[in-house]
$ cat input_38.cif   # mmCIF, C-alpha atoms
data_work
#
loop_
_atom_site.label_atom_id
_atom_site.label_comp_id
_atom_site.auth_asym_id
_atom_site.auth_seq_id
_atom_site.Cartn_x
_atom_site.Cartn_y
_atom_site.Cartn_z
CA MET A 239 -9.58 16.76 21.86
CA GLU A 240 -12.80 14.77 21.72
CA GLY A 241 -16.14 16.52 22.02
CA ASP A 242 -19.83 15.91 21.69
CA GLY A 243 -21.80 16.09 18.49
CA ALA A 244 -20.93 15.32 14.91
CA LEU A 245 -18.13 16.81 12.89
CA PRO A 246 -19.38 19.64 10.67
CA ALA A 247 -20.45 18.79 7.14
CA ARG A 248 -17.43 20.54 5.63
CA ALA A 249 -15.27 18.16 7.68
CA GLY A 250 -17.48 15.35 6.45
CA SER A 251 -17.30 12.43 4.16
CA LEU A 252 -17.07 13.78 0.61
CA ARG A 253 -13.31 14.12 0.28
CA PRO A 254 -12.37 10.81 1.92
CA ALA A 255 -15.12 9.09 -0.09
CA LEU A 256 -13.70 10.50 -3.33
CA ALA A 257 -10.21 9.47 -2.21
CA ALA A 258 -11.50 5.93 -1.59
CA LEU A 259 -12.94 5.83 -5.10
CA ALA A 260 -9.69 7.14 -6.58
CA ALA A 261 -7.67 4.48 -4.74
CA LEU A 262 -9.96 1.73 -5.99
CA VAL A 263 -9.69 3.03 -9.54
CA GLY A 264 -5.91 3.15 -9.11
CA ALA A 265 -5.79 -0.50 -8.06
CA LEU A 266 -7.89 -1.52 -11.06
CA LEU A 267 -5.66 0.57 -13.33
CA CYS A 268 -2.64 -1.34 -12.03
CA TRP A 269 -4.36 -4.52 -13.11
CA ALA A 270 -5.46 -3.12 -16.48
CA VAL A 271 -2.02 -1.75 -17.36
CA PHE A 272 0.34 -4.35 -15.90
CA VAL A 273 -1.76 -7.52 -16.13
CA ARG A 274 -4.20 -7.07 -19.00
CA SER A 275 -1.72 -5.60 -21.49
CA ALA A 276 1.24 -7.40 -23.05
CA GLN A 277 3.50 -4.37 -22.71
CA GLY A 278 2.61 -3.96 -19.05
CA GLN A 279 3.28 -7.61 -18.31
CA VAL A 280 6.70 -7.32 -19.92
CA VAL A 281 7.68 -4.24 -17.92
CA ASP A 282 6.57 -5.97 -14.72
CA GLU A 283 8.44 -9.14 -15.65
CA VAL A 284 11.63 -7.18 -16.37
CA ALA A 285 11.44 -5.85 -12.81
CA PHE A 286 10.72 -9.38 -11.59
CA ALA A 287 13.86 -10.59 -13.37
CA GLY A 288 15.79 -7.68 -11.86
CA SER A 289 15.00 -8.87 -8.35
CA GLY A 290 17.25 -11.84 -9.03
CA GLN A 291 20.22 -9.48 -9.22
CA THR A 292 20.09 -8.84 -5.45
CA ARG A 293 18.39 -12.01 -4.27
CA GLY A 294 21.59 -13.66 -3.12
CA LEU A 295 22.39 -10.71 -0.86
CA LEU A 296 18.97 -9.97 0.59
CA GLU A 297 16.84 -13.09 0.27
CA ALA A 298 17.49 -14.38 3.79
CA GLN A 299 16.43 -11.08 5.32
CA ALA A 300 13.43 -10.82 3.01
CA ARG A 301 12.20 -14.29 3.87
CA GLY A 302 12.61 -13.48 7.54
CA VAL A 303 10.27 -10.52 7.11
CA LEU A 304 7.81 -12.54 5.05
CA SER A 305 7.70 -15.35 7.61
CA VAL A 306 6.09 -12.99 10.12
CA VAL A 307 2.83 -12.92 8.15
CA SER A 308 0.27 -15.63 8.88
CA GLU A 309 -3.40 -15.85 9.73
CA GLY A 310 -2.41 -15.94 13.37
CA SER A 311 -0.26 -12.82 13.17
CA LEU A 312 -3.07 -11.00 11.36
CA VAL A 313 -5.53 -11.83 14.14
CA VAL A 314 -3.03 -10.97 16.88
CA GLY A 315 -2.19 -7.65 15.24
CA MET A 316 -5.85 -6.75 14.92
CA LEU A 317 -6.56 -7.71 18.54
CA VAL A 318 -3.66 -5.58 19.76
CA ALA A 319 -4.98 -2.59 17.82
CA VAL A 320 -8.46 -3.11 19.25
CA ALA A 321 -7.05 -3.45 22.78
CA VAL A 322 -5.20 -0.14 22.46
CA ALA A 323 -8.35 1.59 21.21
CA VAL A 324 -10.54 0.08 23.92
CA ALA A 325 -8.04 1.12 26.60
CA ARG A 326 -8.45 4.67 25.32
CA ARG A 327 -12.23 4.21 25.09
CA ALA A 328 -11.94 5.10 21.42
CA TRP A 329 -14.74 2.84 20.23
CA GLY A 330 -14.84 4.28 16.73
CA ALA A 331 -11.11 3.74 16.32
CA ALA A 332 -11.48 0.12 17.43
CA ALA A 333 -14.25 -0.51 14.91
CA ALA A 334 -12.36 1.34 12.18
CA ALA A 335 -9.23 -0.74 12.73
CA VAL A 336 -11.21 -3.98 12.48
CA VAL A 337 -13.04 -2.90 9.32
CA VAL A 338 -9.88 -1.68 7.57
CA VAL A 339 -7.90 -4.83 8.38
CA ALA A 340 -10.70 -7.31 7.65
CA GLY A 341 -12.08 -5.47 4.63
CA SER A 342 -8.70 -4.92 3.00
CA ASN A 343 -7.60 -8.53 3.36
CA VAL A 344 -10.90 -10.01 2.20
CA ALA A 345 -10.99 -7.62 -0.77
CA THR A 346 -7.44 -8.56 -1.75
CA GLN A 347 -8.23 -12.27 -1.80
CA VAL A 348 -11.46 -11.69 -3.74
CA LEU A 349 -9.72 -9.51 -6.33
CA LYS A 350 -6.88 -11.98 -6.70
CA ALA A 351 -9.38 -14.76 -7.37
CA LEU A 352 -11.63 -12.79 -9.72
CA LEU A 353 -9.25 -10.68 -11.81
CA PRO A 354 -8.10 -12.67 -14.85
CA ARG A 355 -4.53 -12.69 -16.13
CA PRO A 356 -4.32 -13.17 -19.92
CA ALA A 357 -2.07 -16.08 -20.89
CA LEU A 358 0.72 -14.25 -22.70
CA GLY A 359 3.51 -16.64 -21.81
CA LEU A 360 4.63 -14.51 -18.84
CA GLY A 361 3.02 -16.32 -15.92
CA ALA A 362 -0.44 -17.86 -15.97
CA GLU A 363 -1.80 -17.09 -12.49
CA ASN A 364 -2.85 -13.66 -11.31
CA SER A 365 -0.92 -12.53 -8.21
CA LEU A 366 -2.38 -9.01 -7.93
CA PRO A 367 -2.87 -7.68 -5.25
CA SER A 368 -0.16 -8.92 -2.86
CA GLY A 369 -1.66 -10.61 0.19
CA HIS A 370 1.42 -10.18 2.40
CA THR A 371 1.60 -6.48 1.63
CA THR A 372 -2.10 -6.07 2.37
CA VAL A 373 -1.67 -7.65 5.80
CA ALA A 374 1.25 -5.38 6.72
CA ALA A 375 -0.26 -2.20 5.27
CA SER A 376 -3.68 -2.72 6.85
CA LEU A 377 -2.12 -3.34 10.27
CA ALA A 378 0.03 -0.23 9.76
CA VAL A 379 -3.10 1.83 9.17
CA ALA A 380 -4.78 0.23 12.18
CA LEU A 381 -1.82 1.34 14.29
CA VAL A 382 -2.31 4.94 13.16
CA LEU A 383 -6.07 4.80 13.71
CA VAL A 384 -5.82 3.67 17.33
CA ALA A 385 -2.81 5.79 18.33
CA PRO A 386 -3.38 8.88 20.51
CA PRO A 387 -3.19 12.09 18.45
CA ARG A 388 0.20 13.05 19.91
CA LEU A 389 1.69 9.72 18.82
CA ARG A 390 0.15 9.45 15.36
CA GLY A 391 3.24 10.82 13.62
CA ALA A 392 5.45 8.18 15.22
CA ALA A 393 2.84 5.50 14.50
CA ALA A 394 2.70 6.59 10.86
CA VAL A 395 6.48 6.32 10.49
CA ALA A 396 6.54 2.89 12.14
CA GLY A 397 3.62 1.73 10.00
CA ALA A 398 5.26 2.98 6.81
CA VAL A 399 8.45 1.10 7.65
CA VAL A 400 6.49 -2.10 8.29
CA ALA A 401 4.42 -1.84 5.10
CA ALA A 402 7.39 -0.86 2.92
CA SER A 403 9.59 -3.62 4.36
CA MET A 404 6.95 -6.24 3.65
CA GLY A 405 6.26 -4.94 0.14
CA VAL A 406 9.93 -4.75 -0.85
CA SER A 407 10.57 -8.17 0.70
CA THR A 408 7.99 -9.75 -1.61
CA LEU A 409 9.93 -8.27 -4.54
CA VAL A 410 13.32 -9.40 -3.24
CA ALA A 411 12.11 -12.95 -2.65
CA GLY A 412 10.52 -13.11 -6.10
CA TRP A 413 7.04 -13.65 -4.69
CA HIS A 414 5.44 -10.66 -6.38
CA ARG A 415 5.81 -8.12 -9.16
CA PRO A 416 5.81 -4.38 -8.35
CA SER A 417 2.25 -3.86 -9.62
CA ASP A 418 0.98 -6.51 -7.18
CA VAL A 419 2.41 -4.60 -4.24
CA VAL A 420 1.28 -1.14 -5.37
CA ALA A 421 -2.23 -2.50 -5.97
CA ALA A 422 -2.29 -3.92 -2.44
CA LEU A 423 -1.38 -0.52 -0.99
CA LEU A 424 -4.18 1.05 -3.02
CA VAL A 425 -6.70 -1.52 -1.77
CA VAL A 426 -5.80 -0.65 1.81
CA ALA A 427 -5.97 3.06 0.95
CA ALA A 428 -9.47 2.60 -0.47
CA TRP A 429 -10.72 0.91 2.69
CA THR A 430 -8.99 3.46 4.91
CA CYS A 431 -10.52 6.42 3.12
CA GLY A 432 -13.92 4.74 3.02
CA VAL A 433 -13.86 4.06 6.74
CA VAL A 434 -12.80 7.63 7.52
CA ALA A 435 -15.67 8.87 5.36
CA VAL A 436 -18.08 6.89 7.54
CA LEU A 437 -16.39 8.03 10.75
CA ARG A 438 -16.87 11.65 9.73
CA ARG A 439 -20.63 11.04 9.92
CA LEU A 440 -20.58 9.56 13.42
CA PRO A 441 -20.84 11.42 16.74
CA ALA A 442 -17.41 12.77 17.68
CA ARG A 443 -17.29 10.83 20.96
CA THR A 444 -17.20 7.55 19.02
CA THR A 445 -14.49 8.51 16.53
CA PRO A 446 -10.69 8.78 16.73
CA ALA A 447 -9.81 12.09 18.37
CA PRO A 448 -8.97 14.71 15.73
CA SER A 449 -5.69 16.56 16.17
CA ARG A 450 -5.76 20.35 16.32
CA ALA A 451 -1.98 20.61 16.73
CA PRO A 452 0.25 21.68 13.83
CA ARG A 453 0.96 18.87 11.42
CA PRO A 454 3.80 16.79 12.90
CA ALA A 455 7.20 16.83 11.22
CA ALA A 456 6.93 13.05 10.79
CA THR A 457 3.95 13.48 8.48
CA ARG A 458 5.77 16.06 6.39
CA VAL A 459 8.78 13.77 6.10
CA LEU A 460 6.56 10.87 5.01
CA VAL A 461 4.93 13.04 2.35
CA VAL A 462 8.35 14.03 0.97
CA VAL A 463 9.59 10.43 1.02
CA GLY A 464 6.37 9.28 -0.63
CA ALA A 465 6.52 11.89 -3.37
CA LEU A 466 10.18 11.16 -4.12
CA GLY A 467 9.53 7.41 -4.17
CA LEU A 468 6.65 7.72 -6.61
CA LEU A 469 8.60 10.14 -8.81
CA ALA A 470 11.57 7.77 -8.92
CA GLY A 471 9.31 4.83 -9.71
CA THR A 472 7.52 6.72 -12.47
CA ALA A 473 10.80 7.91 -14.00
CA ALA A 474 12.18 4.37 -14.00
CA LEU A 475 8.97 3.07 -15.59
CA VAL A 476 9.17 5.64 -18.39
CA VAL A 477 12.85 4.91 -19.08
CA VAL A 478 12.37 1.14 -19.04
CA ALA A 479 9.28 1.23 -21.28
CA ALA A 480 11.01 3.55 -23.75
CA SER A 481 14.16 1.40 -23.77
CA LEU A 482 12.18 -1.76 -24.40
CA ARG A 483 10.40 -0.15 -27.33
CA ALA A 484 13.70 1.05 -28.79
CA GLY A 485 15.47 -2.26 -28.27
CA PRO A 486 15.12 -5.79 -29.66
CA THR A 487 11.42 -5.95 -28.89
CA VAL A 488 10.78 -9.33 -30.51
CA VAL A 489 13.17 -11.00 -28.10
CA VAL A 490 12.34 -8.95 -25.02
CA TRP A 491 8.56 -9.09 -25.38
CA SER A 492 8.68 -12.89 -25.47
CA ALA A 493 11.44 -13.29 -22.87
CA PRO A 494 11.78 -10.36 -20.45
CA GLU A 495 14.70 -12.07 -18.73
CA GLN A 496 16.70 -11.34 -21.91
CA ALA A 497 16.54 -7.60 -21.21
CA GLY A 498 19.89 -6.11 -20.22
CA GLY A 499 20.96 -6.44 -16.61
CA LEU A 500 21.05 -2.67 -16.15
CA LEU A 501 17.50 -2.38 -17.45
CA GLN A 502 16.35 -5.14 -15.11
CA VAL A 503 17.93 -3.48 -12.09
CA LEU A 504 16.49 -0.08 -13.05
CA SER A 505 13.01 -1.55 -13.39
CA TYR A 506 13.34 -3.42 -10.10
CA ALA A 507 14.70 -0.37 -8.27
CA GLY A 508 11.91 1.76 -9.70
CA GLY A 509 9.31 -0.71 -8.50
CA ALA A 510 10.85 -0.82 -5.02
CA SER A 511 10.93 2.99 -4.91
CA ALA A 512 7.25 3.16 -5.81
CA VAL A 513 6.45 0.66 -3.06
CA VAL A 514 8.35 2.67 -0.44
CA GLY A 515 6.71 5.87 -1.64
CA GLY A 516 3.26 4.33 -1.62
CA ALA A 517 3.67 2.99 1.91
CA ALA A 518 4.85 6.39 3.17
CA LEU A 519 1.95 8.21 1.55
CA LEU A 520 -0.58 5.67 2.86
CA THR A 521 0.23 6.23 6.52
CA ALA A 522 0.80 9.97 6.05
CA ALA A 523 -2.60 10.29 4.39
CA THR A 524 -4.21 8.43 7.28
CA THR A 525 -2.89 10.98 9.77
CA VAL A 526 -4.08 13.84 7.57
CA LEU A 527 -7.55 12.33 7.15
CA LEU A 528 -7.92 12.04 10.90
CA ARG A 529 -7.21 15.70 11.44
CA ALA A 530 -10.19 18.00 12.02
CA SER A 531 -11.12 20.22 9.09
CA ARG A 532 -11.70 23.45 10.95
#
$ encode --input "input_38.cif" --output "structure tokens"
Amino acid sequence: MEGDGALPARAGSLRPALAALAALVGALLCWAVFVRSAQGQVVDEVAFAGSGQTRGLLEAQARGVLSVVSEGSLVVGMLVAVAVAVARRAWGAAAAAVVVVAGSNVATQVLKALLPRPALGLGAENSLPSGHTTVAASLAVALVLVAPPRLRGAAAVAGAVVAASMGVSTLVAGWHRPSDVVAALLVVAAWTCGVVAVLRRLPARTTPAPSRAPRPAATRVLVVVGALGLLAGTAALVVVAASLRAGPTVVVWSAPEQAGGLLQVLSYAGGASAVVGGAALLTAATTVLLRASR
């Protein structure tokens, strides 16, 4: 229910602002660990090599998903989100959707251009964060922002499916490494939390309507899926890193594709799990942030 006046200070901007900072730090940590360090590059490249194990089965579908993304589709998606918000006279939601989509995608391209990738013989050009994933994830968040409160749970599920499908497709097609995709999700999360922090300071009539209803089951499911995905990804990362250290490191560090097929698949599956978990938590967190803190 929308009302007059500003949200109370305790429902204000501190927590989403801190969450935005944490997401930004997380994206930079992805770069520091998996791009700046030799060990991180190797772990990422082992997952990259693992994607080849399923490419023959899934590449056609993955490329079909990837072909949807273009500058035109980004603009159309943003205009649709704005149209939905304007139809509801949710002016703050319309502005928030535009800022999240535009800001996330510009930030991704700037980071990709500015962040260096040390030449360690494992790919010379930096590909972090993933542009395709940023497009899908930012539009997913925009969908949640402009949806009526009663439909936010469904919008969050749909958005998570879209973002996860795009992120995993970039892995399947061999376009990106897992860290690229996770970093993209974190960039979108940073912009989302930052925008919500600003919205909390605006008059309530201009902001997305907060939901007073019990948290929808869809949000709870997304949180569980997200937590399980991140746990699976973390477990796979630990096992792969430990196995690489215990194995023929001289060969593997210089040629990740020489790692055993099982290790490659485990690393790839762990990366995909983290992507699915991250996408689920992104849209679930958006619904939670939009709820009134009463």
$ atom_distance --input "input_38.cif" --atom1 "CA of Leu259 in chain A" --atom2 "CA of Ala428 in chain A"
6.6 Å
$ closest_residue --input "input_38.cif" --among "A:Leu423, A:Ala298, A:Leu475, A:Val280" --to "Ala402 in chain A" --atoms "only C-alpha atoms"
A:Leu423
$ residues_around --input "input_38.cif" --residues "range 332-337 of chain A" --least-positions-apart "6" --cutoff "6 Å" --atoms "only C-alpha atoms" --output "ChimeraX atom specification"
/A:320,323,380
$ resolve_selection --input "input_38.cif" --expression "the PyMOL selection byres ((chain A and resi 341) around 10)" --output "number ranges by chain"
A: 335-340, 342-346, 376, 425-426, 428-430, 433
$ axis_aligned_box --input "input_38.cif" --around "range 334-351 of chain A" --padding-each-side "3 Å" --output "AutoDock Vina command-line options"
--center_x -10.0 --center_y -6.7 --center_z 2.7 --size_x 12.2 --size_y 22.1 --size_z 26.1
$ resolve_selection --input "input_38.cif" --expression "the PyMOL selection byres ((chain A and resi 303) around 10)" --output "list in words"
Glu297, Ala298, Gln299, Ala300, Arg301, Gly302, Leu304, Ser305, Val306, Val307, Val400, Ser403, Met404, Gly405, Val406, Ser407 and Thr408 of chain A
$ atom_distance --input "input_38.cif" --atom1 "CA of Gly359 in chain A" --atom2 "CA of Thr292 in chain A"
24.6 Å
$ atom_distance --input "input_38.cif" --atom1 "CA of Val384 in chain A" --atom2 "CA of Ala331 in chain A"
5.4 Å
$ closest_residue --input "input_38.cif" --among "A:Ala473, A:Val503, A:Ala362, A:Ala374" --to "Glu309 in chain A" --atoms "all atoms listed in the file"
A:Ala374
$ resolve_selection --input "input_38.cif" --expression "the PyMOL selection byres ((chain A and resi 265) around 8)" --output "list in words"
Ala261, Leu262, Val263, Gly264, Leu266, Leu267, Cys268, Trp269, Val420, Ala421, Ala422, Leu424 and Val425 of chain A
$ residues_near_point --input "input_38.cif" --point "(-1.3, -10.8, -17.0)" --cutoff "6 Å" --atoms "only C-alpha atoms" --output "NGL selection string"
:A and (273-274 or 279 or 355-356)
$ decode --input "input_38.cif" --residues "range 299-358 of chain A" --atoms "C-alpha atoms" --output "PDB file, in the first residue's frame"
ATOM      1  CA  GLN A 299      20.544 -24.107 -26.860  1.00  0.00           C
ATOM      2  CA  ALA A 300      23.097 -21.859 -25.172  1.00  0.00           C
ATOM      3  CA  ARG A 301      23.754 -19.877 -28.325  1.00  0.00           C
ATOM      4  CA  GLY A 302      20.026 -19.499 -28.821  1.00  0.00           C
ATOM      5  CA  VAL A 303      19.776 -17.889 -25.387  1.00  0.00           C
ATOM      6  CA  LEU A 304      22.820 -15.707 -26.005  1.00  0.00           C
ATOM      7  CA  SER A 305      21.481 -14.482 -29.354  1.00  0.00           C
ATOM      8  CA  VAL A 306      18.620 -12.729 -27.560  1.00  0.00           C
ATOM      9  CA  VAL A 307      20.969 -10.123 -26.087  1.00  0.00           C
ATOM     10  CA  SER A 308      21.711  -7.036 -28.171  1.00  0.00           C
ATOM     11  CA  GLU A 309      21.651  -3.288 -27.736  1.00  0.00           C
ATOM     12  CA  GLY A 310      18.162  -3.315 -29.190  1.00  0.00           C
ATOM     13  CA  SER A 311      16.866  -5.953 -26.786  1.00  0.00           C
ATOM     14  CA  LEU A 312      18.368  -4.036 -23.864  1.00  0.00           C
ATOM     15  CA  VAL A 313      16.540  -0.858 -24.879  1.00  0.00           C
ATOM     16  CA  VAL A 314      13.284  -2.715 -25.547  1.00  0.00           C
ATOM     17  CA  GLY A 315      13.460  -4.488 -22.199  1.00  0.00           C
ATOM     18  CA  MET A 316      14.074  -1.231 -20.376  1.00  0.00           C
ATOM     19  CA  LEU A 317      11.219   0.510 -22.197  1.00  0.00           C
ATOM     20  CA  VAL A 318       8.831  -2.322 -21.338  1.00  0.00           C
ATOM     21  CA  ALA A 319       9.783  -2.056 -17.663  1.00  0.00           C
ATOM     22  CA  VAL A 320       9.256   1.705 -17.726  1.00  0.00           C
ATOM     23  CA  ALA A 321       5.898   1.295 -19.477  1.00  0.00           C
ATOM     24  CA  VAL A 322       4.692  -1.120 -16.794  1.00  0.00           C
ATOM     25  CA  ALA A 323       5.769   1.275 -14.042  1.00  0.00           C
ATOM     26  CA  VAL A 324       4.198   4.299 -15.722  1.00  0.00           C
ATOM     27  CA  ALA A 325       0.934   2.392 -16.213  1.00  0.00           C
ATOM     28  CA  ARG A 326       0.918   1.860 -12.452  1.00  0.00           C
ATOM     29  CA  ARG A 327       1.951   5.484 -11.874  1.00  0.00           C
ATOM     30  CA  ALA A 328       4.956   4.152  -9.994  1.00  0.00           C
ATOM     31  CA  TRP A 329       7.340   6.911 -11.020  1.00  0.00           C
ATOM     32  CA  GLY A 330      10.061   5.901  -8.595  1.00  0.00           C
ATOM     33  CA  ALA A 331       9.978   2.331  -9.880  1.00  0.00           C
ATOM     34  CA  ALA A 332      10.309   3.579 -13.455  1.00  0.00           C
ATOM     35  CA  ALA A 333      13.327   5.709 -12.572  1.00  0.00           C
ATOM     36  CA  ALA A 334      14.848   2.911 -10.498  1.00  0.00           C
ATOM     37  CA  ALA A 335      14.539   0.424 -13.351  1.00  0.00           C
ATOM     38  CA  VAL A 336      16.268   2.801 -15.765  1.00  0.00           C
ATOM     39  CA  VAL A 337      19.099   3.580 -13.343  1.00  0.00           C
ATOM     40  CA  VAL A 338      19.727  -0.074 -12.462  1.00  0.00           C
ATOM     41  CA  VAL A 339      19.760  -1.222 -16.085  1.00  0.00           C
ATOM     42  CA  ALA A 340      21.791   1.689 -17.452  1.00  0.00           C
ATOM     43  CA  GLY A 341      24.155   1.942 -14.498  1.00  0.00           C
ATOM     44  CA  SER A 342      24.875  -1.776 -14.316  1.00  0.00           C
ATOM     45  CA  ASN A 343      25.631  -2.117 -18.010  1.00  0.00           C
ATOM     46  CA  VAL A 344      27.798   0.994 -18.204  1.00  0.00           C
ATOM     47  CA  ALA A 345      29.688  -0.059 -15.073  1.00  0.00           C
ATOM     48  CA  THR A 346      30.308  -3.526 -16.501  1.00  0.00           C
ATOM     49  CA  GLN A 347      31.806  -2.149 -19.695  1.00  0.00           C
ATOM     50  CA  VAL A 348      33.946   0.351 -17.775  1.00  0.00           C
ATOM     51  CA  LEU A 349      35.245  -2.320 -15.396  1.00  0.00           C
ATOM     52  CA  LYS A 350      35.969  -4.699 -18.252  1.00  0.00           C
ATOM     53  CA  ALA A 351      38.012  -2.001 -19.988  1.00  0.00           C
ATOM     54  CA  LEU A 352      39.859  -0.775 -16.894  1.00  0.00           C
ATOM     55  CA  LEU A 353      40.613  -3.925 -14.902  1.00  0.00           C
ATOM     56  CA  PRO A 354      43.908  -5.430 -16.066  1.00  0.00           C
ATOM     57  CA  ARG A 355      44.473  -9.153 -16.569  1.00  0.00           C
ATOM     58  CA  PRO A 356      48.084 -10.207 -15.898  1.00  0.00           C
ATOM     59  CA  ALA A 357      49.617 -12.089 -18.819  1.00  0.00           C
ATOM     60  CA  LEU A 358      50.147 -15.517 -17.269  1.00  0.00           C
TER      61      LEU A 358
END
